[in-house]
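What follows is the content of protein32.txt, which has compact mmCIF, C-alpha atoms:
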# COMPACT_ATOMS: atom_id res chain seq x y z
CA MET A 1 98.98 -1.04 23.80
CA HIS A 2 97.88 -4.59 24.71
CA SER A 3 95.29 -3.74 27.32
CA PHE A 4 92.05 -5.66 27.67
CA GLY A 5 90.08 -2.83 26.14
CA TYR A 6 92.15 -2.69 22.98
CA ARG A 7 91.98 -6.45 22.45
CA ALA A 8 88.23 -6.58 23.03
CA ASN A 9 87.77 -3.68 20.64
CA ALA A 10 89.95 -5.28 17.95
CA LEU A 11 88.13 -8.59 18.27
CA LEU A 12 84.69 -6.97 18.10
CA THR A 13 85.63 -4.85 15.08
CA PHE A 14 87.02 -7.88 13.29
CA ALA A 15 83.95 -10.01 14.07
CA VAL A 16 81.52 -7.32 12.87
CA THR A 17 83.53 -6.73 9.69
CA ILE A 18 83.56 -10.44 8.83
CA LEU A 19 79.84 -10.72 9.54
CA ALA A 20 79.04 -7.71 7.36
CA LEU A 21 81.22 -9.13 4.58
CA MET A 22 79.46 -12.50 4.76
CA CYS A 23 76.02 -10.82 4.64
CA ALA A 24 77.10 -8.80 1.59
CA MET A 25 78.45 -11.90 -0.15
CA ALA A 26 75.26 -13.87 0.57
CA SER A 27 73.22 -11.04 -0.95
CA ILE A 28 75.51 -10.77 -4.00
CA SER A 29 75.32 -14.52 -4.59
CA ASP A 30 71.58 -14.12 -5.30
CA ASN A 31 72.48 -12.39 -8.57
CA PHE A 32 73.83 -15.65 -10.00
CA ASN A 33 70.44 -17.31 -9.80
CA HIS A 34 68.46 -17.04 -13.04
CA PRO A 35 64.96 -18.27 -12.20
CA THR A 36 62.52 -19.70 -14.73
CA PRO A 37 59.14 -19.57 -12.99
CA SER A 38 55.86 -20.42 -14.68
CA ALA A 39 52.25 -19.61 -13.89
CA HIS A 40 48.78 -20.33 -15.17
CA VAL A 41 45.54 -18.71 -14.02
CA GLN A 42 41.99 -19.57 -14.94
CA VAL A 43 38.87 -17.59 -14.11
CA LEU A 44 36.38 -20.35 -13.34
CA ASN A 45 33.31 -18.32 -12.49
CA ILE A 46 32.01 -14.79 -11.95
CA ASN A 47 30.16 -15.29 -8.66
CA TRP A 48 28.43 -11.94 -8.74
CA PHE A 49 28.90 -8.58 -10.40
CA GLN A 50 27.12 -5.45 -9.28
CA LYS A 51 27.18 -1.71 -8.77
CA GLN A 52 27.52 -0.58 -5.17
CA PRO A 53 25.14 2.12 -3.87
CA ASN A 54 28.06 4.61 -4.02
CA GLY A 55 28.50 3.96 -7.74
CA ASN A 56 31.57 1.72 -7.75
CA ASP A 57 31.50 -1.60 -9.58
CA GLU A 58 32.37 -4.67 -7.59
CA VAL A 59 32.93 -8.19 -8.84
CA SER A 60 33.54 -11.50 -7.13
CA MET A 61 35.19 -14.36 -8.99
CA THR A 62 36.53 -17.85 -8.49
CA LEU A 63 40.06 -18.53 -9.64
CA ASN A 64 42.39 -21.44 -10.26
CA VAL A 65 45.98 -20.38 -9.75
CA SER A 66 48.80 -22.77 -10.54
CA ALA A 67 52.45 -21.82 -10.48
CA ASP A 68 55.92 -23.27 -10.19
CA LEU A 69 58.22 -20.86 -8.37
CA GLN A 70 60.77 -23.40 -7.15
CA SER A 71 63.59 -21.86 -9.16
CA LEU A 72 63.29 -18.62 -7.18
CA PHE A 73 64.67 -20.21 -4.04
CA THR A 74 68.35 -19.93 -3.23
CA TRP A 75 70.23 -20.51 0.00
CA ASN A 76 69.68 -16.85 0.94
CA THR A 77 65.90 -16.99 0.49
CA LYS A 78 63.77 -16.65 3.59
CA GLN A 79 60.42 -16.67 1.86
CA VAL A 80 58.67 -15.68 -1.34
CA PHE A 81 55.62 -13.46 -1.20
CA VAL A 82 53.41 -14.13 -4.19
CA PHE A 83 50.24 -12.34 -5.23
CA LEU A 84 47.85 -12.22 -8.13
CA ALA A 85 46.71 -8.77 -9.23
CA ALA A 86 44.08 -7.66 -11.69
CA GLU A 87 45.45 -4.78 -13.76
CA TYR A 88 43.41 -2.61 -16.09
CA GLU A 89 43.02 0.88 -17.49
CA THR A 90 40.04 3.18 -17.17
CA PRO A 91 39.38 6.63 -18.67
CA LYS A 92 40.11 8.23 -15.28
CA ASN A 93 42.98 6.00 -14.14
CA SER A 94 45.97 5.08 -16.29
CA LEU A 95 46.60 2.10 -14.04
CA ASN A 96 44.52 0.14 -11.57
CA GLN A 97 46.14 -2.71 -9.67
CA ILE A 98 43.99 -4.79 -7.38
CA SER A 99 45.41 -7.69 -5.46
CA LEU A 100 43.00 -10.62 -5.64
CA TRP A 101 44.93 -13.30 -3.82
CA ASP A 102 48.26 -13.52 -2.05
CA GLY A 103 50.31 -16.06 -0.18
CA ILE A 104 53.60 -16.61 1.57
CA ILE A 105 55.75 -19.49 0.38
CA PRO A 106 58.08 -20.47 3.21
CA SER A 107 60.19 -23.06 1.41
CA LYS A 108 61.03 -24.63 -1.93
CA GLU A 109 58.84 -27.67 -1.24
CA HIS A 110 55.75 -25.45 -1.20
CA ALA A 111 56.71 -23.43 -4.28
CA LYS A 112 54.81 -25.60 -6.76
CA PHE A 113 51.14 -25.19 -6.04
CA LEU A 114 47.63 -25.21 -7.40
CA ILE A 115 45.08 -23.11 -5.57
CA HIS A 116 41.34 -22.90 -6.04
CA THR A 117 40.01 -19.73 -4.44
CA SER A 118 37.62 -16.86 -4.68
CA ASN A 119 39.15 -13.39 -4.52
CA LYS A 120 40.62 -12.73 -1.06
CA TYR A 121 40.43 -8.94 -1.37
CA ARG A 122 37.45 -7.10 -2.78
CA PHE A 123 37.68 -6.30 -6.47
CA ILE A 124 36.20 -2.77 -6.48
CA ASP A 125 36.74 -0.22 -9.21
CA GLN A 126 36.99 3.53 -8.65
CA GLY A 127 33.87 4.29 -10.62
CA SER A 128 31.69 2.17 -12.85
CA ASN A 129 33.96 0.91 -15.61
CA LEU A 130 34.06 -2.83 -15.15
CA ARG A 131 31.32 -3.98 -17.54
CA GLY A 132 32.97 -5.71 -20.47
CA LYS A 133 36.38 -4.56 -19.21
CA GLU A 134 39.45 -6.34 -20.47
CA PHE A 135 42.05 -6.90 -17.80
CA ASN A 136 45.40 -8.57 -17.21
CA LEU A 137 46.03 -11.01 -14.43
CA THR A 138 49.59 -10.60 -13.22
CA LEU A 139 51.39 -12.95 -10.88
CA HIS A 140 53.92 -10.90 -8.90
CA TRP A 141 56.50 -12.27 -6.52
CA HIS A 142 58.78 -10.61 -4.02
CA VAL A 143 61.73 -12.64 -2.82
CA MET A 144 62.61 -11.84 0.77
CA PRO A 145 66.22 -12.73 1.50
CA LYS A 146 67.68 -13.93 4.77
CA THR A 147 69.80 -10.82 4.43
CA GLY A 148 70.43 -8.21 1.76
CA LYS A 149 68.61 -7.02 -1.32
CA MET A 150 65.00 -7.90 -2.07
CA PHE A 151 64.04 -9.07 -5.56
CA ALA A 152 60.74 -8.77 -7.38
CA ASP A 153 59.40 -9.81 -10.75
CA LYS A 154 56.14 -10.81 -12.43
CA ILE A 155 54.40 -12.79 -15.14
CA VAL A 156 51.69 -10.89 -17.04
CA MET A 157 48.78 -12.94 -18.38
CA PRO A 158 46.62 -10.81 -20.69
CA GLY A 159 43.27 -11.41 -22.30
CA TYR A 160 40.72 -11.76 -19.51
CA ARG A 161 37.36 -10.04 -19.83
CA LEU A 162 34.53 -9.25 -17.43
CA PRO A 163 30.89 -9.85 -18.47
CA GLU A 164 28.89 -7.12 -20.22
CA GLU A 165 26.03 -7.25 -17.71
CA TYR A 166 25.72 -7.18 -13.93
CA ARG A 167 24.67 -10.45 -12.41
CA MET B 168 96.43 -2.58 38.84
CA GLY B 169 93.17 -3.39 37.10
CA TRP B 170 91.72 -1.90 33.97
CA VAL B 171 89.60 0.58 35.92
CA GLY B 172 92.59 1.82 37.92
CA GLU B 173 94.55 2.26 34.74
CA GLN B 174 91.79 4.39 33.26
CA MET B 175 91.60 6.50 36.42
CA ASP B 176 95.35 7.13 36.27
CA SER B 177 95.14 8.17 32.67
CA ILE B 178 92.37 10.66 33.55
CA LYS B 179 94.51 12.14 36.37
CA SER B 180 97.55 12.52 34.12
CA LEU B 181 95.66 14.52 31.49
CA GLN B 182 97.20 17.77 30.32
CA ILE B 183 95.13 20.67 29.01
CA ARG B 184 96.51 20.20 25.48
CA GLN B 185 95.64 16.53 25.61
CA VAL B 186 92.12 17.26 26.78
CA LEU B 187 91.64 19.53 23.80
CA THR B 188 92.92 16.88 21.40
CA GLN B 189 90.57 14.29 22.85
CA GLY B 190 87.72 16.76 22.62
CA VAL B 191 88.44 17.33 18.97
CA SER B 192 88.66 13.61 18.22
CA LEU B 193 85.35 13.05 20.01
CA GLY B 194 83.85 15.81 17.89
CA MET B 195 85.26 14.18 14.76
CA ILE B 196 83.57 10.88 15.60
CA VAL B 197 80.20 12.53 16.21
CA THR B 198 80.35 14.69 13.08
CA SER B 199 81.49 11.81 10.86
CA ALA B 200 78.51 9.76 12.04
CA LEU B 201 76.29 12.72 11.20
CA ILE B 202 77.95 13.10 7.79
CA ILE B 203 77.34 9.44 6.95
CA TRP B 204 73.67 9.72 7.97
CA LYS B 205 73.10 12.89 5.94
CA ALA B 206 74.94 11.41 2.95
CA LEU B 207 72.66 8.36 3.11
CA MET B 208 69.67 10.73 3.14
CA CYS B 209 70.96 12.39 -0.04
CA ILE B 210 71.70 9.12 -1.82
CA THR B 211 68.45 7.35 -0.98
CA GLY B 212 66.25 10.44 -1.19
CA SER B 213 64.38 9.30 1.91
CA GLU B 214 64.21 11.34 5.07
CA SER B 215 65.04 8.29 7.16
CA PRO B 216 67.11 5.87 5.04
CA VAL B 217 67.10 3.11 7.66
CA VAL B 218 64.12 2.06 9.75
CA VAL B 219 63.71 -0.54 12.47
CA VAL B 220 60.69 -2.84 12.33
CA LEU B 221 58.71 -2.35 15.54
CA SER B 222 55.71 -4.64 15.12
CA GLY B 223 55.05 -8.17 14.01
CA SER B 224 52.54 -7.20 11.33
CA MET B 225 54.86 -8.24 8.48
CA GLU B 226 55.89 -11.59 9.95
CA PRO B 227 57.32 -13.98 8.95
CA GLY B 228 59.08 -11.71 6.46
CA PHE B 229 60.11 -8.97 8.83
CA LYS B 230 60.30 -9.52 12.55
CA ARG B 231 60.53 -6.98 15.34
CA GLY B 232 64.11 -5.73 15.50
CA ASP B 233 64.97 -6.21 11.82
CA ILE B 234 66.40 -3.30 9.87
CA LEU B 235 65.08 -2.10 6.51
CA PHE B 236 66.93 0.09 4.05
CA LEU B 237 64.67 2.56 2.32
CA HIS B 238 64.87 4.18 -1.05
CA MET B 239 62.69 6.99 -2.34
CA SER B 240 62.91 7.45 -6.07
CA ASN B 241 60.47 9.09 -8.44
CA ASP B 242 59.43 5.70 -9.77
CA PRO B 243 55.69 5.18 -9.47
CA ILE B 244 54.41 3.12 -6.58
CA ARG B 245 53.17 -0.32 -7.57
CA ALA B 246 51.28 -3.13 -5.87
CA GLY B 247 53.45 -5.55 -3.92
CA GLU B 248 56.04 -3.03 -2.85
CA ILE B 249 56.75 -2.64 0.83
CA VAL B 250 56.40 1.02 1.74
CA VAL B 251 56.97 3.02 4.88
CA PHE B 252 54.22 5.55 5.45
CA ASN B 253 53.12 8.14 7.94
CA VAL B 254 49.45 8.55 8.76
CA ASP B 255 48.18 11.96 9.87
CA GLY B 256 47.86 11.98 13.63
CA ARG B 257 50.23 9.09 14.18
CA GLU B 258 53.86 9.60 15.05
CA ILE B 259 55.33 6.20 14.33
CA PRO B 260 55.75 5.27 10.67
CA ILE B 261 54.31 1.95 9.52
CA VAL B 262 55.95 -0.63 7.21
CA HIS B 263 53.33 -2.48 5.15
CA ARG B 264 52.75 -3.87 1.68
CA VAL B 265 50.79 -2.15 -1.09
CA ILE B 266 47.84 -4.26 -2.26
CA LYS B 267 45.87 -1.80 -4.39
CA VAL B 268 46.97 1.06 -6.64
CA HIS B 269 44.87 3.50 -8.64
CA GLU B 270 46.92 5.95 -10.67
CA ARG B 271 45.27 9.01 -12.28
CA GLU B 272 45.53 9.46 -15.99
CA ASP B 273 45.85 13.27 -15.96
CA THR B 274 47.79 14.17 -12.81
CA GLY B 275 49.68 10.94 -12.13
CA GLU B 276 48.54 11.03 -8.51
CA VAL B 277 48.09 7.68 -6.84
CA ASP B 278 45.61 6.18 -4.41
CA VAL B 279 47.24 3.35 -2.51
CA LEU B 280 45.89 0.77 -0.08
CA THR B 281 48.26 -1.16 2.18
CA LYS B 282 48.10 -4.25 4.35
CA GLY B 283 50.45 -6.05 6.72
CA ASP B 284 51.28 -9.57 5.53
CA ASN B 285 50.47 -10.94 8.96
CA ASN B 286 47.29 -8.90 9.47
CA TYR B 287 43.89 -10.25 8.60
CA GLY B 288 42.42 -7.11 7.07
CA ASP B 289 43.71 -4.10 5.18
CA ASP B 290 44.99 -0.93 6.81
CA ARG B 291 41.92 1.30 6.55
CA LEU B 292 41.44 0.92 10.31
CA LEU B 293 44.93 2.33 10.89
CA TYR B 294 44.45 5.33 8.65
CA ALA B 295 43.06 8.62 9.88
CA HIS B 296 39.32 8.61 10.49
CA GLY B 297 37.48 8.44 7.18
CA GLN B 298 40.64 8.09 5.13
CA LEU B 299 40.30 5.44 2.45
CA TRP B 300 43.56 5.78 0.52
CA LEU B 301 47.17 6.80 1.04
CA GLN B 302 48.58 9.45 -1.28
CA ARG B 303 52.12 9.98 -2.41
CA HIS B 304 52.93 12.47 0.35
CA HIS B 305 52.17 9.93 3.08
CA ILE B 306 54.86 7.60 1.80
CA MET B 307 58.38 8.06 3.15
CA GLY B 308 60.11 5.39 1.13
CA ARG B 309 60.06 1.84 -0.11
CA ALA B 310 62.04 -0.99 1.42
CA VAL B 311 64.83 -2.31 -0.81
CA GLY B 312 67.13 -4.18 1.58
CA PHE B 313 66.95 -6.13 4.76
CA LEU B 314 69.26 -6.91 7.67
CA PRO B 315 68.03 -9.11 10.52
CA TYR B 316 68.30 -8.49 14.29
CA VAL B 317 70.51 -5.35 14.19
CA GLY B 318 67.58 -3.11 15.14
CA TRP B 319 67.33 -4.69 18.57
CA VAL B 320 70.10 -2.34 19.66
CA THR B 321 67.89 0.70 19.11
CA ILE B 322 64.75 -1.00 20.46
CA ILE B 323 66.55 -1.84 23.70
CA MET B 324 67.99 1.65 23.91
CA THR B 325 64.64 3.40 23.47
CA GLU B 326 62.83 1.10 25.89
CA LYS B 327 65.55 1.04 28.54
CA PRO B 328 67.13 4.52 28.43
CA ILE B 329 69.46 3.70 31.33
CA ILE B 330 71.38 1.29 29.07
CA LYS B 331 71.75 4.06 26.51
CA TYR B 332 73.27 6.45 29.08
CA ILE B 333 75.63 3.77 30.42
CA LEU B 334 76.74 2.96 26.87
CA ILE B 335 77.26 6.59 25.89
CA GLY B 336 79.10 7.27 29.14
CA ALA B 337 81.40 4.28 28.72
CA LEU B 338 82.18 5.15 25.10
CA GLY B 339 82.83 8.78 26.00
CA LEU B 340 85.18 7.73 28.78
CA LEU B 341 87.03 5.39 26.42
CA VAL B 342 87.49 8.14 23.83
CA ILE B 343 88.67 10.65 26.42
CA THR B 344 91.11 8.31 28.13
CA SER B 345 92.51 6.58 25.05
CA LYS B 346 96.03 7.52 24.11
CA ASP B 347 97.59 6.77 20.77

Serialized structure, structure tokens:
Amino acid sequence: MHSFGYRANALLTFAVTILALMCAMASISDNFNHPTPSAHVQVLNINWFQKQPNGNDEVSMTLNVSADLQSLFTWNTKQVFVFLAAEYETPKNSLNQISLWDGIIPSKEHAKFLIHTSNKYRFIDQGSNLRGKEFNLTLHWHVMPKTGKMFADKIVMPGYRLPEEYR
Amino acid sequence: MGWVGEQMDSIKSLQIRQVLTQGVSLGMIVTSALIIWKALMCITGSESPVVVVLSGSMEPGFKRGDILFLHMSNDPIRAGEIVVFNVDGREIPIVHRVIKVHEREDTGEVDVLTKGDNNYGDDRLLYAHGQLWLQRHHIMGRAVGFLPYVGWVTIIMTEKPIIKYILIGALGLLVITSKD
């Protein structure tokens, strides 16, 4: 009844149960945080805009991204992954999402930022539909917790337009 | 008399009826573990509801040895999601983030490009030769939850099989010899 094995087993079971309970509670506590992030993006320049030999349009642009994501951080937040995607419709595709820039925010102190960058990933369409195309810039974020459920949300900024001519 | 001696005595004193009972209880433990796993498969809709992160390509978000809980719903795949995918000709599934999505108007099929947060370039080098995009059927699930460190147990057990056999043997012995 009170052998070493039984005691070790009871202790281990108890410790694991408490740990699991604490992890669950930490994850649940994230639900009480109601973040109010803000973002602003400016397309400063179209660096170049051309049709590739294989027929796909490609554009390169310079962006100013400013955002305040401090309210996303709670005590269970390990990091926030943030990225800016261009989203548009074409006759062939009902949705195109192309990530233009992304970053990892390790702590609350770095969550208010202003970044001046050209697109980190190539902005290539499937086809030749980008001339004069209206597109949305959407700032997405994925909150990675220390443990538990991951959260994601976005801010959509509509009303951007690509030039009518290649350059 | 130490703990080992005690266990030896309890093995010697086993009756045939007792052996059967222990056998059944051992079977119960194994089948209940199987039931839980299969139930998780049904609930999450993913063929492996829990995966262990094996590489550092998603650091600092996911480290080697962390556990991810997967979910496979019919929701469309969107940029930013962390998906687990299988590439033709590769056995080990990869956990990376979606950075580009092109969804067809007529069929709803998707072309997806992924990248590891900690990798410099996108995943086209990892895909099968000449493959530019992932399709829906490559994707096993998307990560929804996260638990650190627990996966080290399975990493150690696959890399050092001897530990696995010792552990299984010890547990089996405990189940057989336990009386209650």

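Nearest residue to chain A among B:Asp233, B:Glu248, B:Asp289, B:Glu270 is B:Glu270, counting only C-alpha atoms.
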
Worksheet item: Could you list, as an MDAnalysis selection string, every residue of chain A that has an atom within 9 Å of an atom of chain B, counting only C-alpha atoms?
Response: chainID A and resid 1 3:5 23 78:83 85 90:100 103:104 106 121 125:126 140:142 144:152

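The coordinates place CA of Asn253 in chain B at 25.1 Å from CA of Lys327 in chain B.
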
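With distances restricted to all atoms listed in the file, A:Asn56 is the closest residue to Gly127 in chain A from A:Asn76, A:Ser29, A:Thr36, A:Asn56.
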
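With distances restricted to all atoms listed in the file, B:Met239 is the closest residue to Ile210 in chain B from B:Val342, B:Val171, B:Met239, B:Ile306.
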
Worksheet item: For Gly194 in chain B, which residue among B:Val217, B:Gly297, B:Ile343, B:Ser222 is the nearest when counting all atoms listed in the file?
Response: B:Ile343

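Atom pair CA of Ala24 in chain A / CA of Val197 in chain B: separated by 26.0 Å.
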
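As for CA of His110 in chain A and CA of Ser60 in chain A, they are spaced 26.9 Å apart.
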
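When the distance limit is 10 Å and only C-alpha atoms are what count, the residues near Leu299 in chain B, minus those fewer than 3 positions from it on the same chain, are Asp278, Val279, Leu280, Asp290, Arg291, Leu292, Tyr294, Ala295, His296 and Gln302 of chain B.
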
Discussion item. Around (60.9, 10.1, -4.9), as given in the file, which residues come within 8 Å? Count all atoms listed in the file and list them as a count of residues only.
Written reply: 7

Can you tell me which residues surround Leu137 in chain A at a distance of at most 9 Å, considering all atoms listed in the file, apart from same-chain residues fewer than 3 positions away, and format the answer as a PDB file with C-alpha atoms, keeping the file's coordinate frame?
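around.pdb, written as the output of this step:
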ATOM      1  CA  VAL A  41      45.540 -18.710 -14.020  1.00  0.00           C
ATOM      2  CA  LEU A  84      47.850 -12.220  -8.130  1.00  0.00           C
ATOM      3  CA  ALA A  85      46.710  -8.770  -9.230  1.00  0.00           C
ATOM      4  CA  ALA A  86      44.080  -7.660 -11.690  1.00  0.00           C
ATOM      5  CA  GLU A  87      45.450  -4.780 -13.760  1.00  0.00           C
ATOM      6  CA  TYR A  88      43.410  -2.610 -16.090  1.00  0.00           C
ATOM      7  CA  ILE A 155      54.400 -12.790 -15.140  1.00  0.00           C
ATOM      8  CA  VAL A 156      51.690 -10.890 -17.040  1.00  0.00           C
ATOM      9  CA  MET A 157      48.780 -12.940 -18.380  1.00  0.00           C
ATOM     10  CA  PRO A 158      46.620 -10.810 -20.690  1.00  0.00           C
ATOM     11  CA  GLY A 159      43.270 -11.410 -22.300  1.00  0.00           C
ATOM     12  CA  TYR A 160      40.720 -11.760 -19.510  1.00  0.00           C
TER      13      TYR A 160
END

Worksheet item: Quick one: residues within 10 Å of Thr74 in chain A, all atoms listed in the file counted, chain neighbours fewer than 6 positions away excluded, as a count of residues only?
Response: 10

Practice prompt. Place a sphere of radius 9 Å on (49.0, 6.4, 9.5) in the file coordinates and name every protein, DNA or RNA residue with an atom inside or on its surface, counting all atoms listed in the file; give the answer as a ChimeraX atom specification.
Written response: /B:252-261,290,293-295,301,305

Worksheet, complete the sentence: Judged by only C-alpha atoms, the minimum distance to Leu63 in chain A among A:Asn119, A:Asn129, A:Thr17, A:Gln50 is found for A:Asn119
